[in-house]
Amino acid sequence: MKKNRPALKTAPTEKRSRLAGFLTYDLVIEIMLLVIVFLIPIIFDRRLGIVFSGTKVAWLRAFVIVTLGVWAIKLIVTKEHRFIRTVLDWPILAYLLITTVATLTSVHVYTSFVGFYGRFEGLSTWYLFGLSFFIVTNYIFSFEQLKRIIVAVVSSATIMSVYGVIQRQELDPYMWGGVVTWQRVIGTIGQPNFLAAYILMAFFLGLVLFLEEKKAAPEIDWFEQLTPLGYFLFSQVGFVFMIYFLDASDVFLWYSGFAIITAGTLLFAFNYQKLHPLILDLLFGSCLILIYICLLYTQSRGGYMGFFTGGVLFVLVAGRHWIFKSWKELALLGLFIVIISAFTMLRPEYSPFERFTGEISTKTEIKSAGEEAAQLELKGAAGSRGETWKSGFRIVADNPLFGIGPEVLKMVFPRYETELFRFKETFHVKQDRNHNETLDVPVTKGLISFFLYLGILFTVFRTGFVKLKTATDPQRLMIAGLLAASLAYLVQNQFSFGVVAITSLFWIMWAMVMILGQGEEAGPKAAKISLNDIPWLPVAGVILAGTFLIWISFFSFFSDVYFKSGKTNLDAGHLTQAVDDLTRSLNVFPLEGTTVSHLAIAYLNQGKNDEAARDLIYGTLIDPYNADNFYMLSRLYLSLYDRGKKEALLESERNADIALKIDPYYAEAYETKAMIDERLGKPDEALALYEKAFIINPTLVSVILKTEELSKKLGKVGEARQIFADAYQRFPDNIELFKVLERLK
C-alpha cells in the first residue's frame, strides 16, 4: 500500500501534464496572433470618450504583452530559440530607432511616447507594430498558418461590413457623433476613410481564399458542413446580437460577447477547410460582396483609387494562369460589383464621385488688364488637405532630421498653417495628422525616417516580386493578394493616415510577405507545454512583469471612462458630478491635458475661479502647447480685473500673448487683447485688434458686434463697413454680416 501512495500523489500532476501536453508554445502564440488580427479591428467600448482607438490600443498592448510573455516562458523552458532572420529586420529596427530619437527630441517628449488623446500612436504603439512583425516572422511558418491569418482578417472585415450595412440602413442602435453614418458608414473603426483602408486590405486578401484551388469533393455532406459553417455564422450573428441586446456598461457580458465571437472565429480558422469547395466559394464570395458594399458606403474617394490600383496589381501579379483558371468566379464577382455600384450610385448623394465633383469648382478672377480668368478651386476636405500638405512641407523644412516628434502635430501646426487653411476647414481646427501617411513620416519623424520608410516599402514589394520567380501557384496567388492589399492601403492613405486598427495589419502583412514560401522547416521544432517542465520561480517573474505592464497599459483606458462620464455631465449641466468624474479621471491618469481643461471649465461654470485657475495653470505645465488653457486663463484674469483686482490685467495680457504665440490665428485671443486695450483706454489699438480677430474668423458674432460698436464711437464706420463687405463677398450666407451691413448704411 505504501508503494502505491507516491503514485496516487503524482497522478493529478501527470493528468495536468497530459492535458497541457497537446498544446505547444508556438500554437498558443499563433492563437494570440489570430486574436489580435481578428479582435483589435472590431472591439470597442462605448464607455470611453475615444470609443474606438482608445479601446483598440489598450487591448493591443495587453495581447502583445501576453504573447511576449508566452515567448519569454518558452525561452526559459527550452533555453534556446533560433531567431528567424528576414531582409526587413534591420530596416524595421532602424526605423524604430530613429522614431525613438524623434521622440526624445520631440517638442513634447511625453506625448510623443504615449500618444495624444484620440490617436494613442506614440512611440509605445510603434513598438507594438514592430513586435507584431517579429512575432509573425518567428511563429508563422506554413502556408496554412498564413491562410488562417487571412481567414481572421476576412471574418473581422465581414463583421465590419455587416455593421456598415446596418448603419447605412439607419438601423444602428447607437448614435455616433461626427459623421452621419447613413451617409458615410464608420463600421467598428470610427471613421469612413479608416474603414475603407481596412476593408480594402481585407478584400484583396479575401480574393486569395476565393480564388485558391480547392480539393475536389464529389458531393456535399450537409451535416458535416454545419459545424465549420456554424463557427463563422456564429461570430457574425453574435456581433449583431451584442450591439442590439448587450449593454456596454455591463462589462462582464460585453467582453464575454467579444470573447465568444473570437472563439467562434478561431474555431472557423482552424476548421474552414472542412467545408465543401462550393460552400467555401459561396461563403468567401459573399464576404467579398459585403466588403465591397461597405467600401461603397464609406464614400471614400481614396478608397476607390486604392481599389482600382490594387485590382490592377492583383491581376498583373497573379498572372494569366489564375485569371483564366478563375475567369468564371472573377466574372461573377465583377458582375455583382457592377450591379451593386450602379444601383447604389443611382442616388447621387451616396456616390463618392458626387462628393469629388462637389468639392471642385472654378472661380472667375479679373486680371489687371480687365480680362477674366477661370481658376480651379478645391473646397471642403479636398481643399483642406491641400492646405494641410503645404503646411507640412513648411514643418519639414524647419525640422528636417528628426521632425517635430510623433503625435505632436496639433501642438505645432497652428504656427505653420496657411492663410487659406482656416477658410477651407472649420475655423479653429488644428490638424493632428497631415492627411497623407507618406508626408506624415518626415513631419513627425524626420527625413531619415522618411527614407527608411520608403526603403521598407521598396523591400516589401521587391521581396514579393523576387519570390514570384520560384513561387508555386498558390504562393503566387497569395503574393498577389498581399501586394495588392498593400498598394491599395498606400494609395488610400495618401489622402488619409493610419490608426491602430489598420496600421497593425499593414505591418503584419509585411511580415507575411517576408516569410511566405519559407516552409515549416524554417522554424524551430515546436516545444510542447508540460507543467512538470516549467521552472515556476522565473516564470512567476514573467507573469508578474506582464501583469504589471498590462495594468499600466490600461491607465489611459480607465481614465477615459471617467473622462467621458465627466464630459457628458458637463454638457448636461450636472457640474458637481462632472467635477467628481473628471477628478477621478485625473487621479488615474494625471498627465492628460484634455481632462484638465474640461475640469477647469466645470469649475468656471460653478463660479469657482480659484480652483479653475489652479487647474488651468497645471494644464499649462503638462500641456504647454495647448493655447486654449492660456486663453481661458486670460479671460479668467480679465474677469477678476473687472471685479476690482487691478493686478490681474497684466496676467490676462500675458496669457493672451502666450496663446497667440502658440496659435497665431486664435481669433478669440485677439478679441481678449482688444478688450484689455479698451480697459486701458486705447480704443484705436482695440479696434485694430477687433478687426484682426474678425479677419481671422469672420463668423464670430461677438467680434462683429464689438467692431461695429467701437467703429461708431471712433467715427470709423466706413473702414469697418469695407471690412464687413469684403467678408460678405466670401460668406454670403452669414446673416450677422448682412445685418451689420444694413445697420452701417
# chains A, B, ... in the order shown; residues from 1 in each chain; ligands from 1

$ residues_around --residues "region 220-235 of chain A" --least-positions-apart "3" --cutoff "12 Å" --atoms "only C-alpha atoms" --output "ChimeraX atom specification"
/A:38-39,42,151-152,154-160,162,216-217,238-242,257-280,282-284,287

$ write_last_selection --atoms "C-alpha atoms" --output "PDB file, in the first residue's frame"
ATOM      1  CA  PHE A  38      -9.482  39.438 -35.627  1.00  0.00           C
ATOM      2  CA  LEU A  39     -10.435  41.253 -32.455  1.00  0.00           C
ATOM      3  CA  ILE A  42     -13.776  45.257 -34.219  1.00  0.00           C
ATOM      4  CA  VAL A 151      -9.417  33.951 -42.603  1.00  0.00           C
ATOM      5  CA  ALA A 152      -9.325  36.011 -39.384  1.00  0.00           C
ATOM      6  CA  VAL A 154     -11.900  38.376 -43.688  1.00  0.00           C
ATOM      7  CA  SER A 155     -14.094  37.386 -40.740  1.00  0.00           C
ATOM      8  CA  SER A 156     -13.332  40.687 -38.997  1.00  0.00           C
ATOM      9  CA  ALA A 157     -13.933  42.710 -42.168  1.00  0.00           C
ATOM     10  CA  THR A 158     -17.236  40.921 -42.755  1.00  0.00           C
ATOM     11  CA  ILE A 159     -18.434  41.891 -39.274  1.00  0.00           C
ATOM     12  CA  MET A 160     -17.475  45.499 -40.038  1.00  0.00           C
ATOM     13  CA  VAL A 162     -22.458  43.873 -41.845  1.00  0.00           C
ATOM     14  CA  ALA A 216     -12.367  18.210 -55.324  1.00  0.00           C
ATOM     15  CA  ALA A 217     -15.316  16.749 -53.413  1.00  0.00           C
ATOM     16  CA  GLY A 238     -23.176  37.036 -32.319  1.00  0.00           C
ATOM     17  CA  PHE A 239     -21.833  40.514 -33.028  1.00  0.00           C
ATOM     18  CA  VAL A 240     -25.223  41.736 -34.264  1.00  0.00           C
ATOM     19  CA  PHE A 241     -26.800  40.250 -31.144  1.00  0.00           C
ATOM     20  CA  MET A 242     -24.257  42.098 -28.997  1.00  0.00           C
ATOM     21  CA  GLY A 257     -19.583  38.602 -26.064  1.00  0.00           C
ATOM     22  CA  PHE A 258     -16.322  39.585 -27.740  1.00  0.00           C
ATOM     23  CA  ALA A 259     -14.591  36.547 -26.247  1.00  0.00           C
ATOM     24  CA  ILE A 260     -17.273  34.195 -27.575  1.00  0.00           C
ATOM     25  CA  ILE A 261     -17.307  35.561 -31.132  1.00  0.00           C
ATOM     26  CA  THR A 262     -13.494  35.486 -31.132  1.00  0.00           C
ATOM     27  CA  ALA A 263     -13.607  31.823 -30.119  1.00  0.00           C
ATOM     28  CA  GLY A 264     -16.013  31.169 -32.985  1.00  0.00           C
ATOM     29  CA  THR A 265     -13.644  32.779 -35.486  1.00  0.00           C
ATOM     30  CA  LEU A 266     -10.657  30.838 -34.136  1.00  0.00           C
ATOM     31  CA  LEU A 267     -12.549  27.576 -34.498  1.00  0.00           C
ATOM     32  CA  PHE A 268     -13.524  28.543 -38.040  1.00  0.00           C
ATOM     33  CA  ALA A 269      -9.920  29.459 -38.928  1.00  0.00           C
ATOM     34  CA  PHE A 270      -8.728  26.003 -37.872  1.00  0.00           C
ATOM     35  CA  ASN A 271     -11.636  24.120 -39.499  1.00  0.00           C
ATOM     36  CA  TYR A 272     -12.724  26.122 -42.571  1.00  0.00           C
ATOM     37  CA  GLN A 273     -11.070  23.696 -45.000  1.00  0.00           C
ATOM     38  CA  LYS A 274     -13.553  21.018 -43.932  1.00  0.00           C
ATOM     39  CA  LEU A 275     -16.153  22.913 -45.932  1.00  0.00           C
ATOM     40  CA  HIS A 276     -17.076  21.705 -49.395  1.00  0.00           C
ATOM     41  CA  PRO A 277     -15.387  23.760 -52.185  1.00  0.00           C
ATOM     42  CA  LEU A 278     -18.749  25.045 -53.383  1.00  0.00           C
ATOM     43  CA  ILE A 279     -19.682  26.201 -49.869  1.00  0.00           C
ATOM     44  CA  LEU A 280     -16.292  27.861 -49.486  1.00  0.00           C
ATOM     45  CA  LEU A 282     -20.201  30.867 -51.832  1.00  0.00           C
ATOM     46  CA  LEU A 283     -19.074  31.910 -48.353  1.00  0.00           C
ATOM     47  CA  PHE A 284     -15.961  33.865 -49.342  1.00  0.00           C
ATOM     48  CA  CYS A 287     -17.928  38.103 -47.846  1.00  0.00           C
TER      49      CYS A 287
END

$ residues_around --residues "Ser124 (chain A)" --least-positions-apart "4" --cutoff "12 Å" --atoms "only C-alpha atoms" --output "list in words"
Val57, Ala58, Leu60, Arg61, Val64, Leu96, Thr99, Thr100, Thr103, Val109, Tyr110, Thr111, Ser112, Phe113, Val114, Gly115, Phe116, Phe120, Leu128, Phe129, Gly130, Leu131, Pro406, Glu407, Val500, Leu549 and Ser553 of chain A

$ residues_around --residues "Leu490 (chain A)" --least-positions-apart "5" --cutoff "10 Å" --atoms "only C-alpha atoms" --output "mmCIF file with C-alpha atoms, in the first residue's frame"
data_model
loop_
_atom_site.group_PDB
_atom_site.id
_atom_site.type_symbol
_atom_site.label_atom_id
_atom_site.label_comp_id
_atom_site.auth_asym_id
_atom_site.auth_seq_id
_atom_site.Cartn_x
_atom_site.Cartn_y
_atom_site.Cartn_z
ATOM 1 C CA ALA A 197 -8.401 51.337 -45.715
ATOM 2 C CA GLY A 302 -9.130 57.444 -51.791
ATOM 3 C CA GLY A 303 -10.692 54.054 -51.149
ATOM 4 C CA GLY A 306 -6.956 52.138 -53.861
ATOM 5 C CA GLY A 310 -4.907 47.300 -56.121
ATOM 6 C CA ASN A 436 -1.113 61.918 -46.054
ATOM 7 C CA GLU A 437 0.640 58.972 -44.476
ATOM 8 C CA THR A 438 3.811 59.411 -46.516
ATOM 9 C CA LEU A 457 8.098 49.672 -48.684
ATOM 10 C CA ALA A 484 -2.412 44.372 -53.934
ATOM 11 C CA ALA A 485 -3.671 44.889 -50.383
ATOM 12 C CA PHE A 495 -5.388 61.121 -48.616
ATOM 13 C CA SER A 496 -5.673 59.862 -45.045
ATOM 14 C CA PHE A 497 -3.490 58.222 -42.392
ATOM 15 C CA GLY A 498 -3.162 55.074 -40.374
ATOM 16 C CA PHE A 506 -0.260 46.626 -42.551
#

$ closest_residue --among "A:Pro414, A:Gly311, A:Gly69, A:Pro698" --to "Val491 (chain A)" --atoms "only C-alpha atoms"
A:Gly311

$ select_by_dssp --residues "region 126-220 of chain A" --states "helix (DSSP H, G or I)" --output "number ranges by chain"
A: 126-139, 143-168, 192-211

$ residues_around --residues "Ala578 (chain A)" --least-positions-apart "6" --cutoff "7 Å" --atoms "only C-alpha atoms" --output "PyMOL selection string"
chain A and resi 566-567+569-570+602

$ write_last_selection --atoms "C-alpha atoms" --output "mmCIF file, in the first residue's frame"
data_model
loop_
_atom_site.group_PDB
_atom_site.id
_atom_site.type_symbol
_atom_site.label_atom_id
_atom_site.label_comp_id
_atom_site.auth_asym_id
_atom_site.auth_seq_id
_atom_site.Cartn_x
_atom_site.Cartn_y
_atom_site.Cartn_z
ATOM 1 C CA GLY A 566 -17.465 63.775 -16.719
ATOM 2 C CA LYS A 567 -17.780 65.392 -20.132
ATOM 3 C CA ASN A 569 -22.285 65.521 -17.153
ATOM 4 C CA LEU A 570 -20.574 68.795 -18.045
ATOM 5 C CA ALA A 602 -16.535 72.769 -14.956
#

$ residues_around --residues "region 686-692 of chain A" --least-positions-apart "5" --cutoff "12 Å" --atoms "only C-alpha atoms" --output "PDB file with N, CA and C atoms, in the first residue's frame"
ATOM      1  N   PRO A 664      -1.094  81.629 -33.766  1.00  0.00           N
ATOM      2  CA  PRO A 664      -1.210  82.997 -34.292  1.00  0.00           C
ATOM      3  C   PRO A 664      -2.571  83.315 -34.908  1.00  0.00           C
ATOM      4  N   TYR A 665      -3.404  82.286 -35.135  1.00  0.00           N
ATOM      5  CA  TYR A 665      -4.722  82.515 -35.736  1.00  0.00           C
ATOM      6  C   TYR A 665      -5.844  82.298 -34.723  1.00  0.00           C
ATOM      7  N   TYR A 666      -5.563  82.563 -33.466  1.00  0.00           N
ATOM      8  CA  TYR A 666      -6.551  82.392 -32.397  1.00  0.00           C
ATOM      9  C   TYR A 666      -7.352  83.685 -32.294  1.00  0.00           C
ATOM     10  N   ALA A 667      -8.472  83.744 -32.998  1.00  0.00           N
ATOM     11  CA  ALA A 667      -9.251  84.983 -33.083  1.00  0.00           C
ATOM     12  C   ALA A 667      -9.757  85.427 -31.718  1.00  0.00           C
ATOM     13  N   GLU A 668     -10.192  84.485 -30.904  1.00  0.00           N
ATOM     14  CA  GLU A 668     -10.721  84.833 -29.582  1.00  0.00           C
ATOM     15  C   GLU A 668      -9.658  85.466 -28.682  1.00  0.00           C
ATOM     16  N   ALA A 669      -8.395  85.058 -28.873  1.00  0.00           N
ATOM     17  CA  ALA A 669      -7.326  85.664 -28.081  1.00  0.00           C
ATOM     18  C   ALA A 669      -7.101  87.117 -28.502  1.00  0.00           C
ATOM     19  N   TYR A 670      -7.198  87.379 -29.805  1.00  0.00           N
ATOM     20  CA  TYR A 670      -7.107  88.776 -30.266  1.00  0.00           C
ATOM     21  C   TYR A 670      -8.281  89.590 -29.720  1.00  0.00           C
ATOM     22  N   GLU A 671      -9.442  88.996 -29.654  1.00  0.00           N
ATOM     23  CA  GLU A 671     -10.603  89.677 -29.081  1.00  0.00           C
ATOM     24  C   GLU A 671     -10.339  90.038 -27.619  1.00  0.00           C
ATOM     25  N   THR A 672      -9.736  89.104 -26.884  1.00  0.00           N
ATOM     26  CA  THR A 672      -9.430  89.373 -25.478  1.00  0.00           C
ATOM     27  C   THR A 672      -8.426  90.514 -25.338  1.00  0.00           C
ATOM     28  N   LYS A 673      -7.397  90.510 -26.195  1.00  0.00           N
ATOM     29  CA  LYS A 673      -6.417  91.605 -26.141  1.00  0.00           C
ATOM     30  C   LYS A 673      -7.079  92.944 -26.470  1.00  0.00           C
ATOM     31  N   ALA A 674      -8.039  92.926 -27.376  1.00  0.00           N
ATOM     32  CA  ALA A 674      -8.761  94.159 -27.691  1.00  0.00           C
ATOM     33  C   ALA A 674      -9.559  94.640 -26.484  1.00  0.00           C
ATOM     34  N   MET A 675     -10.173  93.706 -25.782  1.00  0.00           N
ATOM     35  CA  MET A 675     -10.922  94.066 -24.577  1.00  0.00           C
ATOM     36  C   MET A 675      -9.995  94.651 -23.511  1.00  0.00           C
ATOM     37  N   ILE A 676      -8.772  94.107 -23.438  1.00  0.00           N
ATOM     38  CA  ILE A 676      -7.790  94.645 -22.489  1.00  0.00           C
ATOM     39  C   ILE A 676      -7.417  96.083 -22.867  1.00  0.00           C
ATOM     40  N   ASP A 677      -7.189  96.320 -24.160  1.00  0.00           N
ATOM     41  CA  ASP A 677      -6.840  97.674 -24.615  1.00  0.00           C
ATOM     42  C   ASP A 677      -7.974  98.665 -24.345  1.00  0.00           C
ATOM     43  N   GLU A 678      -9.209  98.199 -24.489  1.00  0.00           N
ATOM     44  CA  GLU A 678     -10.338  99.082 -24.171  1.00  0.00           C
ATOM     45  C   GLU A 678     -10.287  99.504 -22.702  1.00  0.00           C
ATOM     46  N   ARG A 679      -9.978  98.561 -21.824  1.00  0.00           N
ATOM     47  CA  ARG A 679      -9.927  98.880 -20.407  1.00  0.00           C
ATOM     48  C   ARG A 679      -8.731  99.773 -20.070  1.00  0.00           C
ATOM     49  N   LEU A 680      -7.689  99.701 -20.898  1.00  0.00           N
ATOM     50  CA  LEU A 680      -6.517 100.547 -20.688  1.00  0.00           C
ATOM     51  C   LEU A 680      -6.667 101.912 -21.359  1.00  0.00           C
ATOM     52  N   GLY A 681      -7.826 102.143 -21.969  1.00  0.00           N
ATOM     53  CA  GLY A 681      -8.054 103.422 -22.626  1.00  0.00           C
ATOM     54  C   GLY A 681      -7.343 103.561 -23.949  1.00  0.00           C
ATOM     55  N   ASN A 697     -11.393  85.175 -38.254  1.00  0.00           N
ATOM     56  CA  ASN A 697     -12.605  84.359 -38.164  1.00  0.00           C
ATOM     57  C   ASN A 697     -13.835  85.255 -38.306  1.00  0.00           C
ATOM     58  N   PRO A 698     -14.352  85.423 -39.531  1.00  0.00           N
ATOM     59  CA  PRO A 698     -15.491  86.319 -39.767  1.00  0.00           C
ATOM     60  C   PRO A 698     -16.820  85.794 -39.241  1.00  0.00           C
ATOM     61  N   LEU A 700     -17.385  85.030 -35.947  1.00  0.00           N
ATOM     62  CA  LEU A 700     -17.559  85.326 -34.523  1.00  0.00           C
ATOM     63  C   LEU A 700     -18.504  86.512 -34.352  1.00  0.00           C
ATOM     64  N   VAL A 701     -19.692  86.250 -33.838  1.00  0.00           N
ATOM     65  CA  VAL A 701     -20.714  87.285 -33.702  1.00  0.00           C
ATOM     66  C   VAL A 701     -20.271  88.360 -32.711  1.00  0.00           C
ATOM     67  N   SER A 702     -19.651  87.931 -31.610  1.00  0.00           N
ATOM     68  CA  SER A 702     -19.237  88.908 -30.601  1.00  0.00           C
ATOM     69  C   SER A 702     -18.236  89.903 -31.173  1.00  0.00           C
ATOM     70  N   VAL A 703     -17.344  89.439 -32.020  1.00  0.00           N
ATOM     71  CA  VAL A 703     -16.352  90.329 -32.633  1.00  0.00           C
ATOM     72  C   VAL A 703     -17.024  91.290 -33.606  1.00  0.00           C
ATOM     73  N   ILE A 704     -17.992  90.801 -34.360  1.00  0.00           N
ATOM     74  CA  ILE A 704     -18.727  91.669 -35.296  1.00  0.00           C
ATOM     75  C   ILE A 704     -19.399  92.803 -34.529  1.00  0.00           C
ATOM     76  N   LEU A 705     -20.068  92.476 -33.451  1.00  0.00           N
ATOM     77  CA  LEU A 705     -20.798  93.490 -32.688  1.00  0.00           C
ATOM     78  C   LEU A 705     -19.854  94.492 -32.033  1.00  0.00           C
ATOM     79  N   LYS A 706     -18.747  94.008 -31.491  1.00  0.00           N
ATOM     80  CA  LYS A 706     -17.803  94.912 -30.834  1.00  0.00           C
ATOM     81  C   LYS A 706     -17.104  95.821 -31.843  1.00  0.00           C
ATOM     82  N   THR A 707     -16.798  95.260 -33.011  1.00  0.00           N
ATOM     83  CA  THR A 707     -16.181  96.085 -34.059  1.00  0.00           C
ATOM     84  C   THR A 707     -17.141  97.176 -34.515  1.00  0.00           C
ATOM     85  N   GLU A 708     -18.393  96.809 -34.686  1.00  0.00           N
ATOM     86  CA  GLU A 708     -19.411  97.791 -35.089  1.00  0.00           C
ATOM     87  C   GLU A 708     -19.546  98.893 -34.045  1.00  0.00           C
ATOM     88  N   GLU A 709     -19.648  98.508 -32.790  1.00  0.00           N
ATOM     89  CA  GLU A 709     -19.855  99.483 -31.718  1.00  0.00           C
ATOM     90  C   GLU A 709     -18.669 100.439 -31.587  1.00  0.00           C
ATOM     91  N   LEU A 710     -17.440  99.891 -31.593  1.00  0.00           N
ATOM     92  CA  LEU A 710     -16.272 100.736 -31.395  1.00  0.00           C
ATOM     93  C   LEU A 710     -15.996 101.616 -32.612  1.00  0.00           C
ATOM     94  N   SER A 711     -16.270 101.093 -33.806  1.00  0.00           N
ATOM     95  CA  SER A 711     -16.050 101.911 -35.015  1.00  0.00           C
ATOM     96  C   SER A 711     -16.988 103.113 -35.035  1.00  0.00           C
ATOM     97  N   LYS A 712     -18.199 102.947 -34.520  1.00  0.00           N
ATOM     98  CA  LYS A 712     -19.128 104.077 -34.435  1.00  0.00           C
ATOM     99  C   LYS A 712     -18.614 105.124 -33.452  1.00  0.00           C
ATOM    100  N   LYS A 713     -18.090 104.661 -32.319  1.00  0.00           N
ATOM    101  CA  LYS A 713     -17.578 105.589 -31.311  1.00  0.00           C
ATOM    102  C   LYS A 713     -16.397 106.394 -31.841  1.00  0.00           C
ATOM    103  N   LEU A 714     -15.557 105.746 -32.664  1.00  0.00           N
ATOM    104  CA  LEU A 714     -14.343 106.399 -33.146  1.00  0.00           C
ATOM    105  C   LEU A 714     -14.545 107.094 -34.494  1.00  0.00           C
ATOM    106  N   GLY A 715     -15.760 106.998 -35.031  1.00  0.00           N
ATOM    107  CA  GLY A 715     -16.022 107.625 -36.321  1.00  0.00           C
ATOM    108  C   GLY A 715     -15.331 106.934 -37.483  1.00  0.00           C
ATOM    109  N   LYS A 716     -15.177 105.634 -37.392  1.00  0.00           N
ATOM    110  CA  LYS A 716     -14.505 104.868 -38.448  1.00  0.00           C
ATOM    111  C   LYS A 716     -15.450 103.838 -39.053  1.00  0.00           C
ATOM    112  N   VAL A 717     -16.698 104.268 -39.258  1.00  0.00           N
ATOM    113  CA  VAL A 717     -17.717 103.356 -39.780  1.00  0.00           C
ATOM    114  C   VAL A 717     -17.373 102.901 -41.191  1.00  0.00           C
ATOM    115  N   GLU A 719     -14.473 102.464 -42.672  1.00  0.00           N
ATOM    116  CA  GLU A 719     -13.422 101.443 -42.658  1.00  0.00           C
ATOM    117  C   GLU A 719     -13.980 100.092 -42.235  1.00  0.00           C
ATOM    118  N   ALA A 720     -14.819 100.088 -41.181  1.00  0.00           N
ATOM    119  CA  ALA A 720     -15.406  98.834 -40.706  1.00  0.00           C
ATOM    120  C   ALA A 720     -16.346  98.245 -41.740  1.00  0.00           C
ATOM    121  N   ARG A 721     -17.130  99.133 -42.378  1.00  0.00           N
ATOM    122  CA  ARG A 721     -18.087  98.637 -43.364  1.00  0.00           C
ATOM    123  C   ARG A 721     -17.370  97.953 -44.528  1.00  0.00           C
ATOM    124  N   GLN A 722     -16.221  98.503 -44.937  1.00  0.00           N
ATOM    125  CA  GLN A 722     -15.471  97.891 -46.029  1.00  0.00           C
ATOM    126  C   GLN A 722     -14.980  96.499 -45.651  1.00  0.00           C
ATOM    127  N   ILE A 723     -14.522  96.369 -44.396  1.00  0.00           N
ATOM    128  CA  ILE A 723     -14.060  95.056 -43.928  1.00  0.00           C
ATOM    129  C   ILE A 723     -15.210  94.058 -43.921  1.00  0.00           C
ATOM    130  N   PHE A 724     -16.379  94.506 -43.434  1.00  0.00           N
ATOM    131  CA  PHE A 724     -17.549  93.620 -43.409  1.00  0.00           C
ATOM    132  C   PHE A 724     -18.002  93.258 -44.821  1.00  0.00           C
ATOM    133  N   ALA A 727     -15.798  90.619 -46.371  1.00  0.00           N
ATOM    134  CA  ALA A 727     -16.084  89.299 -45.802  1.00  0.00           C
ATOM    135  C   ALA A 727     -17.397  88.742 -46.322  1.00  0.00           C
TER     136      ALA A 727
END

$ atom_distance --atom1 "CA of Tyr117 (chain A)" --atom2 "CA of Gly190 (chain A)"
15.0 Å

$ residues_around --residues "Arg46 (chain A)" --least-positions-apart "2" --cutoff "8 Å" --atoms "only C-alpha atoms" --output "PyMOL selection string"
chain A and resi 44+48-49+51+248-249

$ write_last_selection --atoms "N, CA and C atoms" --output "mmCIF file, in the first residue's frame"
data_model
loop_
_atom_site.group_PDB
_atom_site.id
_atom_site.type_symbol
_atom_site.label_atom_id
_atom_site.label_comp_id
_atom_site.auth_asym_id
_atom_site.auth_seq_id
_atom_site.Cartn_x
_atom_site.Cartn_y
_atom_site.Cartn_z
ATOM 1 N N PHE A 44 -14.712 47.562 -29.407
ATOM 2 C CA PHE A 44 -14.911 48.942 -28.969
ATOM 3 C C PHE A 44 -15.675 48.927 -27.657
ATOM 4 N N LEU A 48 -15.989 54.691 -23.174
ATOM 5 C CA LEU A 48 -14.849 55.570 -23.362
ATOM 6 C C LEU A 48 -15.218 56.804 -24.175
ATOM 7 N N GLY A 49 -14.445 57.874 -23.985
ATOM 8 C CA GLY A 49 -14.604 59.052 -24.835
ATOM 9 C C GLY A 49 -14.112 58.761 -26.234
ATOM 10 N N VAL A 51 -14.047 56.013 -28.250
ATOM 11 C CA VAL A 51 -14.687 54.696 -28.224
ATOM 12 C C VAL A 51 -13.853 53.644 -28.942
ATOM 13 N N ALA A 248 -23.007 47.966 -23.036
ATOM 14 C CA ALA A 248 -21.562 48.087 -22.814
ATOM 15 C C ALA A 248 -21.235 48.400 -21.368
ATOM 16 N N SER A 249 -22.184 48.968 -20.627
ATOM 17 C CA SER A 249 -21.921 49.264 -19.220
ATOM 18 C C SER A 249 -21.859 47.994 -18.380
#

$ closest_atom_pairs --of "region 71-179 of chain A" --to "region 28-31 of chain A" --cutoff "8 Å" --atoms "only C-alpha atoms" --output "CSV"
residue,atom,partner,partner_atom,distance
A:Trp71,CA,A:Ile29,CA,7.5
A:Tyr139,CA,A:Glu30,CA,6.7
A:Ile140,CA,A:Glu30,CA,7.1

$ write_last_selection --atoms "C-alpha atoms" --output "PDB file, in the first residue's frame"
ATOM      1  CA  TRP A  71       7.555  33.728 -25.846  1.00  0.00           C
ATOM      2  CA  TYR A 139       5.993  31.879 -35.263  1.00  0.00           C
ATOM      3  CA  ILE A 140       4.226  31.671 -38.617  1.00  0.00           C
TER       4      ILE A 140
END

$ closest_residue --among "A:Gly546, A:Pro91, A:Gly164, A:Gly319" --to "Ile293 (chain A)" --atoms "only C-alpha atoms"
A:Gly164

$ atom_distance --atom1 "CA of Val208 (chain A)" --atom2 "CA of Ile502 (chain A)"
19.3 Å
